[in-house]
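Text of the file model34.pdb, holding PDB, C-alpha atoms and all ligand atoms:
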ATOM      1  CA  MET A  18       3.229   8.222  29.475
ATOM      2  CA  ILE A  19      -0.271   7.801  28.058
ATOM      3  CA  LYS A  20      -1.063   4.227  27.085
ATOM      4  CA  LYS A  21      -3.322   4.069  24.047
ATOM      5  CA  ILE A  22      -6.565   2.185  24.549
ATOM      6  CA  LEU A  23      -6.999  -0.691  22.159
ATOM      7  CA  ASP A  24     -10.476  -0.902  20.647
ATOM      8  CA  THR A  25     -10.863  -3.851  18.284
ATOM      9  CA  SER A  26     -14.648  -3.566  17.931
ATOM     10  CA  THR A  27     -14.347  -2.466  14.289
ATOM     11  CA  LEU A  28     -12.106  -5.373  13.347
ATOM     12  CA  ASP A  29     -13.472  -8.639  11.958
ATOM     13  CA  LYS A  30     -13.187 -11.192  14.787
ATOM     14  CA  GLU A  31     -12.660 -14.143  12.485
ATOM     15  CA  LEU A  32      -9.772 -12.401  10.745
ATOM     16  CA  LEU A  33      -8.251 -11.533  14.124
ATOM     17  CA  VAL A  34      -8.319 -15.206  15.074
ATOM     18  CA  ARG A  35      -6.544 -16.059  11.820
ATOM     19  CA  LEU A  36      -3.971 -13.362  12.502
ATOM     20  CA  ASP A  37      -3.452 -14.718  16.032
ATOM     21  CA  THR A  38      -2.950 -18.208  14.638
ATOM     22  CA  TYR A  39      -0.324 -16.888  12.242
ATOM     23  CA  ILE A  40       1.503 -14.934  14.951
ATOM     24  CA  ASP A  41       1.396 -17.902  17.323
ATOM     25  CA  SER A  42       2.939 -20.106  14.629
ATOM     26  CA  LEU A  43       6.021 -17.885  14.361
ATOM     27  CA  GLU A  44       9.133 -19.197  16.015
ATOM     28  CA  GLY A  45      11.789 -17.296  17.948
ATOM     29  CA  ASN A  46      11.576 -13.631  18.847
ATOM     30  CA  LYS A  47       8.213 -12.524  17.476
ATOM     31  CA  ARG A  48       9.280  -8.866  17.380
ATOM     32  CA  GLU A  49      11.668  -9.719  14.551
ATOM     33  CA  HIS A  50       8.740 -10.907  12.448
ATOM     34  CA  LEU A  51       7.016  -7.526  12.418
ATOM     35  CA  ILE A  52       7.191  -6.989   8.650
ATOM     36  CA  HIS A  53       5.895 -10.485   7.935
ATOM     37  CA  VAL A  54       3.079 -10.004  10.409
ATOM     38  CA  LEU A  55       2.130  -6.675   8.833
ATOM     39  CA  HIS A  56       2.135  -8.264   5.372
ATOM     40  CA  HIS A  57      -0.047 -11.074   6.599
ATOM     41  CA  ALA A  58      -2.416  -8.685   8.360
ATOM     42  CA  GLN A  59      -2.732  -6.499   5.269
ATOM     43  CA  GLY A  60      -3.443  -9.614   3.217
ATOM     44  CA  LEU A  61      -6.275 -10.508   5.595
ATOM     45  CA  PHE A  62      -7.787  -7.086   6.262
ATOM     46  CA  GLY A  63      -6.839  -5.299   3.023
ATOM     47  CA  TYR A  64      -5.170  -2.454   4.923
ATOM     48  CA  LEU A  65      -3.719  -1.630   8.340
ATOM     49  CA  PRO A  66      -5.967   0.701  10.336
ATOM     50  CA  GLN A  67      -4.577   2.241  13.531
ATOM     51  CA  ASN A  68      -6.357  -0.155  15.886
ATOM     52  CA  LEU A  69      -5.005  -3.147  13.964
ATOM     53  CA  GLN A  70      -1.492  -1.703  14.196
ATOM     54  CA  LEU A  71      -1.946  -1.305  17.935
ATOM     55  CA  TYR A  72      -3.286  -4.843  18.205
ATOM     56  CA  ILE A  73      -0.186  -6.157  16.424
ATOM     57  CA  ALA A  74       2.038  -4.013  18.636
ATOM     58  CA  ARG A  75       0.533  -5.583  21.767
ATOM     59  CA  LYS A  76       0.854  -9.083  20.347
ATOM     60  CA  LEU A  77       4.532  -8.552  19.493
ATOM     61  CA  ASN A  78       5.347  -6.602  22.633
ATOM     62  CA  LEU A  79       6.217  -3.460  20.677
ATOM     63  CA  SER A  80       5.001   0.106  21.052
ATOM     64  CA  GLY A  81       2.320   1.441  18.726
ATOM     65  CA  ALA A  82       4.800   4.068  17.539
ATOM     66  CA  GLU A  83       7.320   1.399  16.529
ATOM     67  CA  VAL A  84       4.741  -0.436  14.438
ATOM     68  CA  ASN A  85       3.396   2.768  12.901
ATOM     69  CA  GLY A  86       6.942   3.837  12.035
ATOM     70  CA  VAL A  87       7.378   0.683   9.942
ATOM     71  CA  VAL A  88       3.928   0.957   8.338
ATOM     72  CA  THR A  89       4.525   4.544   7.251
ATOM     73  CA  PHE A  90       8.097   3.883   6.099
ATOM     74  CA  TYR A  91       7.213   1.202   3.546
ATOM     75  CA  SER A  92       4.988   2.351   0.717
ATOM     76  CA  PHE A  93       3.431  -1.096   0.243
ATOM     77  CA  PHE A  94       1.622  -0.831   3.564
ATOM     78  CA  ASN A  95      -1.716   0.989   3.535
ATOM     79  CA  GLU A  96      -3.271   2.691   6.524
ATOM     80  CA  LYS A  97      -6.502   3.339   4.623
ATOM     81  CA  PRO A  98      -8.654   1.125   2.402
ATOM     82  CA  VAL A  99      -7.373   0.917  -1.158
ATOM     83  CA  GLY A 100      -8.840   0.176  -4.566
ATOM     84  CA  LYS A 101      -8.400  -3.147  -6.328
ATOM     85  CA  TYR A 102      -5.327  -1.756  -8.103
ATOM     86  CA  THR A 103      -2.749   0.371  -6.296
ATOM     87  CA  ILE A 104      -0.890   2.648  -8.670
ATOM     88  CA  SER A 105       2.411   3.880  -7.274
ATOM     89  CA  VAL A 106       4.284   6.624  -9.071
ATOM     90  CA  CYS A 107       7.931   6.924  -8.073
ATOM     91  CA  MET A 108       8.915  10.456  -7.114
ATOM     92  CA  GLY A 109      12.559   9.633  -6.359
ATOM     93  CA  THR A 110      15.187  11.941  -7.822
ATOM     94  CA  ALA A 111      15.920   9.948 -11.006
ATOM     95  CA  CYS A 112      12.228   9.661 -11.807
ATOM     96  CA  TYR A 113      11.481  13.228 -10.851
ATOM     97  CA  VAL A 114      14.068  14.690 -13.238
ATOM     98  CA  LYS A 115      12.597  12.522 -16.003
ATOM     99  CA  GLY A 116       9.103  13.932 -15.521
ATOM    100  CA  ALA A 117       7.502  11.807 -12.790
ATOM    101  CA  ASP A 118       5.418  14.793 -11.703
ATOM    102  CA  LYS A 119       3.738  14.849 -15.127
ATOM    103  CA  VAL A 120       3.140  11.115 -14.940
ATOM    104  CA  LEU A 121       1.570  11.455 -11.499
ATOM    105  CA  ALA A 122      -0.585  14.378 -12.623
ATOM    106  CA  ARG A 123      -1.842  12.343 -15.577
ATOM    107  CA  VAL A 124      -2.638   9.337 -13.404
ATOM    108  CA  LEU A 125      -4.587  11.471 -10.935
ATOM    109  CA  GLU A 126      -6.450  13.215 -13.738
ATOM    110  CA  ASN A 127      -7.270   9.979 -15.540
ATOM    111  CA  VAL A 128      -8.467   8.205 -12.391
ATOM    112  CA  GLY A 129     -10.201  11.324 -11.059
ATOM    113  CA  VAL A 130      -8.899  11.149  -7.492
ATOM    114  CA  ASN A 131      -6.498  12.829  -5.117
ATOM    115  CA  LYS A 132      -3.534  10.877  -3.799
ATOM    116  CA  ASN A 133      -4.435   8.015  -1.448
ATOM    117  CA  GLU A 134      -8.129   8.119  -2.338
ATOM    118  CA  ILE A 135     -10.112   5.300  -3.923
ATOM    119  CA  SER A 136     -11.639   5.948  -7.346
ATOM    120  CA  LYS A 137     -15.446   5.992  -7.483
ATOM    121  CA  ASP A 138     -15.522   2.633  -9.252
ATOM    122  CA  GLY A 139     -13.391   1.140  -6.459
ATOM    123  CA  LEU A 140     -10.694   0.120  -8.916
ATOM    124  CA  PHE A 141      -7.776   2.441  -8.249
ATOM    125  CA  THR A 142      -5.789   4.081  -5.472
ATOM    126  CA  VAL A 143      -2.902   6.343  -6.424
ATOM    127  CA  LYS A 144       0.193   6.882  -4.296
ATOM    128  CA  ASP A 145       3.481   8.666  -4.755
ATOM    129  CA  VAL A 146       6.414   6.683  -3.433
ATOM    130  CA  ARG A 147      10.134   6.952  -2.825
ATOM    131  CA  CYS A 148      12.699   5.299  -5.114
ATOM    132  CA  ILE A 149      11.726   1.712  -5.841
ATOM    133  CA  GLY A 150      15.195   0.788  -7.100
ATOM    134  CA  ALA A 151      14.461   0.776 -10.825
ATOM    135  CA  CYS A 152      16.085   4.143 -11.591
ATOM    136  CA  GLY A 153      17.428   2.920 -14.949
ATOM    137  CA  LEU A 154      13.797   2.770 -16.112
ATOM    138  CA  ALA A 155      12.855   6.249 -14.894
ATOM    139  CA  PRO A 156      10.221   7.492 -14.757
ATOM    140  CA  VAL A 157       8.624   4.450 -13.194
ATOM    141  CA  MET A 158       5.162   3.543 -12.005
ATOM    142  CA  THR A 159       3.786   0.266 -10.692
ATOM    143  CA  VAL A 160       0.312  -1.239 -10.683
ATOM    144  CA  ASN A 161      -0.087  -3.811  -7.899
ATOM    145  CA  GLY A 162       3.669  -4.274  -8.047
ATOM    146  CA  LYS A 163       3.986  -4.686 -11.828
ATOM    147  CA  VAL A 164       6.651  -2.231 -12.968
ATOM    148  CA  TYR A 165       6.182   0.084 -15.954
ATOM    149  CA  GLY A 166       9.317   1.976 -17.023
ATOM    150  CA  LYS A 167      10.053   5.067 -19.122
ATOM    151  CA  VAL A 168       6.415   5.998 -18.721
ATOM    152  CA  THR A 169       5.007   8.976 -20.587
ATOM    153  CA  PRO A 170       1.669  10.631 -19.830
ATOM    154  CA  THR A 171       0.278   8.972 -22.980
ATOM    155  CA  ASP A 172       1.452   5.572 -21.706
ATOM    156  CA  VAL A 173      -0.512   6.228 -18.530
ATOM    157  CA  ASP A 174      -3.754   6.336 -20.496
ATOM    158  CA  ASP A 175      -2.883   3.077 -22.273
ATOM    159  CA  ILE A 176      -1.938   1.332 -19.010
ATOM    160  CA  LEU A 177      -5.136   2.375 -17.266
ATOM    161  CA  ARG A 178      -7.212   1.407 -20.300
ATOM    162  CA  HIS A 179      -5.657  -2.050 -20.057
ATOM    163  CA  TYR A 180      -6.773  -2.512 -16.430
ATOM    164  CA  ARG A 181     -10.243  -1.156 -17.114
ATOM    165  CA  SER A 182     -10.635  -3.558 -20.029
ATOM    166  CA  ILE A 183      -9.670  -6.491 -17.781
ATOM    167  CA  GLU A 184     -12.433  -5.457 -15.417
ATOM    168  CA  ASN A 185     -14.974  -5.065 -18.222
ATOM    169  CA  GLU A 186     -14.137  -8.551 -19.520
ATOM    170  CA  ASN A 187     -14.682  -9.987 -16.027
ATOM    171  CA  LYS A 188     -18.131  -8.424 -15.609
TER     172      LYS A 188
HETATM  173  S1  LIG B   1      14.095   7.219  -8.452
HETATM  174 FE1  LIG B   1      12.426   6.180  -9.331
HETATM  175  S2  LIG B   1      13.079   4.124  -9.354
HETATM  176 FE2  LIG B   1      14.711   5.175  -8.391
END

Show me this structure written as structure tokens.
Amino acid sequence: MIKKILDTSTLDKELLVRLDTYIDSLEGNKREHLIHVLHHAQGLFGYLPQNLQLYIARKLNLSGAEVNGVVTFYSFFNEKPVGKYTISVCMGTACYVKGADKVLARVLENVGVNKNEISKDGLFTVKDVRCIGACGLAPVMTVNGKVYGKVTPTDVDDILRHYRSIENENK
């Protein structure tokens, strides 16, 4: 079996120390805290690059594949840098039959990106996600976790205008 080489040279040392402190503070079997550790790490670093995942795997005595499996399973974890606002469009069955594909297309067009890219102004990243458990509101999208239900393509423009206006007010 090939053991992956861990290279942490691209990771901020100070943030690694803070992550270590957090992991060391956890009680009991540290492996069971994987999701909490990933949340904490994403909060510190903004996203979870491969070398950070491997670092966490070593700290928790897990394989890199186990950690990556969790990161890729949950849509709220990001393997790449993201914009200030993450827009997630649900493509689960209930949302899909209610036109989620049109909602997603409108979001991508409005923001001017492909999926998982950051907009030029750094504000938005767009993802498609599995069912988020709000099927009664289909089609659903979220912006940094805030849920918008029964979204139409026209609503998309209004929602994005709202976030852009917040940013303009803060300039
Ligand atoms: S399918 Fe979209 S919230 Fe369930």

- Message: Env of A:Gln59: 8 Å cut, atoms = all atoms listed in the file, seq-sep filter 4 positions within chain, self excluded. Answer as a PyMOL selection string.
- Response: chain A and resi 55+63-65+94-95

- Distance query A:Pro156 at most 9 Å, only C-alpha atoms, self and fewer than 3 positions along chain excluded, as number ranges by chain: A: 106-109, 111-117, 120, 151-153, 165-169

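Close contacts of A:Gly162, defined as residues with an atom at most 10 Å away when counting all atoms listed in the file, with chain neighbours fewer than 2 positions off set aside, comprise Phe93, Tyr102, Thr103, Ile104, Ser105, Met158, Thr159, Val160, Val164 and Tyr165 of chain A.
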
Using only C-alpha atoms, please write the residues we just selected to a file, as a compact mmCIF listing (two decimals), in the coordinates of the input.
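Writing the result to out-v1.txt gives the following:
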# COMPACT_ATOMS: atom_id res chain seq x y z
CA PHE A 93 3.43 -1.10 0.24
CA TYR A 102 -5.33 -1.76 -8.10
CA THR A 103 -2.75 0.37 -6.30
CA ILE A 104 -0.89 2.65 -8.67
CA SER A 105 2.41 3.88 -7.27
CA MET A 158 5.16 3.54 -12.00
CA THR A 159 3.79 0.27 -10.69
CA VAL A 160 0.31 -1.24 -10.68
CA VAL A 164 6.65 -2.23 -12.97
CA TYR A 165 6.18 0.08 -15.95

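Distance annotation: of A:Thr142, A:Asn46, A:Thr89, A:Ser26, the residue with the minimal separation from A:Tyr72 is A:Ser26; atom set is only C-alpha atoms.
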
Residues matched by the PyMOL selection byres (((chain A and resi 87) around 12) and not hetatm) as a PDB file with C-alpha atoms, in the frame of the given file:
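Output below, filename result-v8.pdb:
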ATOM      1  CA  HIS A  50       8.740 -10.907  12.448  1.00  0.00           C
ATOM      2  CA  LEU A  51       7.016  -7.526  12.418  1.00  0.00           C
ATOM      3  CA  ILE A  52       7.191  -6.989   8.650  1.00  0.00           C
ATOM      4  CA  HIS A  53       5.895 -10.485   7.935  1.00  0.00           C
ATOM      5  CA  VAL A  54       3.079 -10.004  10.409  1.00  0.00           C
ATOM      6  CA  LEU A  55       2.130  -6.675   8.833  1.00  0.00           C
ATOM      7  CA  HIS A  56       2.135  -8.264   5.372  1.00  0.00           C
ATOM      8  CA  LEU A  65      -3.719  -1.630   8.340  1.00  0.00           C
ATOM      9  CA  GLN A  70      -1.492  -1.703  14.196  1.00  0.00           C
ATOM     10  CA  ALA A  74       2.038  -4.013  18.636  1.00  0.00           C
ATOM     11  CA  LEU A  79       6.217  -3.460  20.677  1.00  0.00           C
ATOM     12  CA  SER A  80       5.001   0.106  21.052  1.00  0.00           C
ATOM     13  CA  GLY A  81       2.320   1.441  18.726  1.00  0.00           C
ATOM     14  CA  ALA A  82       4.800   4.068  17.539  1.00  0.00           C
ATOM     15  CA  GLU A  83       7.320   1.399  16.529  1.00  0.00           C
ATOM     16  CA  VAL A  84       4.741  -0.436  14.438  1.00  0.00           C
ATOM     17  CA  ASN A  85       3.396   2.768  12.901  1.00  0.00           C
ATOM     18  CA  GLY A  86       6.942   3.837  12.035  1.00  0.00           C
ATOM     19  CA  VAL A  88       3.928   0.957   8.338  1.00  0.00           C
ATOM     20  CA  THR A  89       4.525   4.544   7.251  1.00  0.00           C
ATOM     21  CA  PHE A  90       8.097   3.883   6.099  1.00  0.00           C
ATOM     22  CA  TYR A  91       7.213   1.202   3.546  1.00  0.00           C
ATOM     23  CA  SER A  92       4.988   2.351   0.717  1.00  0.00           C
ATOM     24  CA  PHE A  93       3.431  -1.096   0.243  1.00  0.00           C
ATOM     25  CA  PHE A  94       1.622  -0.831   3.564  1.00  0.00           C
ATOM     26  CA  ASN A  95      -1.716   0.989   3.535  1.00  0.00           C
ATOM     27  CA  GLU A  96      -3.271   2.691   6.524  1.00  0.00           C
TER      28      GLU A  96
END

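Of the residues listed (A:Asn133, A:Val128, A:Gly139, A:Thr110), A:Thr110 shows the shortest atom-to-atom separation from ligand LIG 1 (chain B); distances use only C-alpha atoms and all ligand atoms.
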
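When only C-alpha atoms and all ligand atoms are used to compute distances to ligand LIG 1 (chain B), the closest of the residues A:Pro170, A:Tyr180, A:Ile149, A:Asp175 turns out to be A:Ile149.
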
- Test item: which residues lie within 8 Å of (-6.4, 5.2, -4.2) counting all atoms listed in the file, as an NGL selection string: :A and (99-100 or 103-104 or 130-136 or 141-144)

- Explicit residues for the PyMOL selection byres (((chain A and resi 28-44) around 9) and not hetatm) (as a list in words): Asp24, Thr25, Ser26, Thr27, Gly45, Asn46, Lys47, His50, Val54, His57, Ala58, Leu61, Phe62, Asn68, Leu69, Lys76 and Leu77 of chain A

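You can rank A:Glu184, A:Leu121, A:Leu154, A:Cys148 by their closest distance to ligand LIG 1 (chain B) using all atoms listed in the file, and at the top of that list sits A:Cys148.
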
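What separates atom CA of A:Val157 from atom FE1 of ligand LIG 1 (chain B) is a distance of 5.7 Å.
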
Size and centre in Å, one decimal, axis-aligned box, all listed ligand LIG 1 (chain B) atoms plus 4 Å per side, as JSON:
{"center_x": 13.6, "center_y": 5.7, "center_z": -8.9, "size_x": 10.3, "size_y": 11.1, "size_z": 9.0}

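Comparing the minimum interatomic distances between ligand LIG 1 (chain B) and each of A:Asn187, A:Thr171, A:Arg181, A:Val146, counting only C-alpha atoms and all ligand atoms, we find that A:Val146 sits nearest.
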
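Each of A:Lys188, A:Ala155, A:Ile176, A:Lys163 was compared to ligand LIG 1 (chain B) using all atoms listed in the file, and A:Ala155 turns out to be the nearest.
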
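You will find atom CA of A:Asp172 at 11.6 Å from atom CA of A:Asn127.
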
- One decimal, Å: what's the distance from atom CA of A:Ile183 over to atom CA of A:Pro98, could you say? 21.6 Å
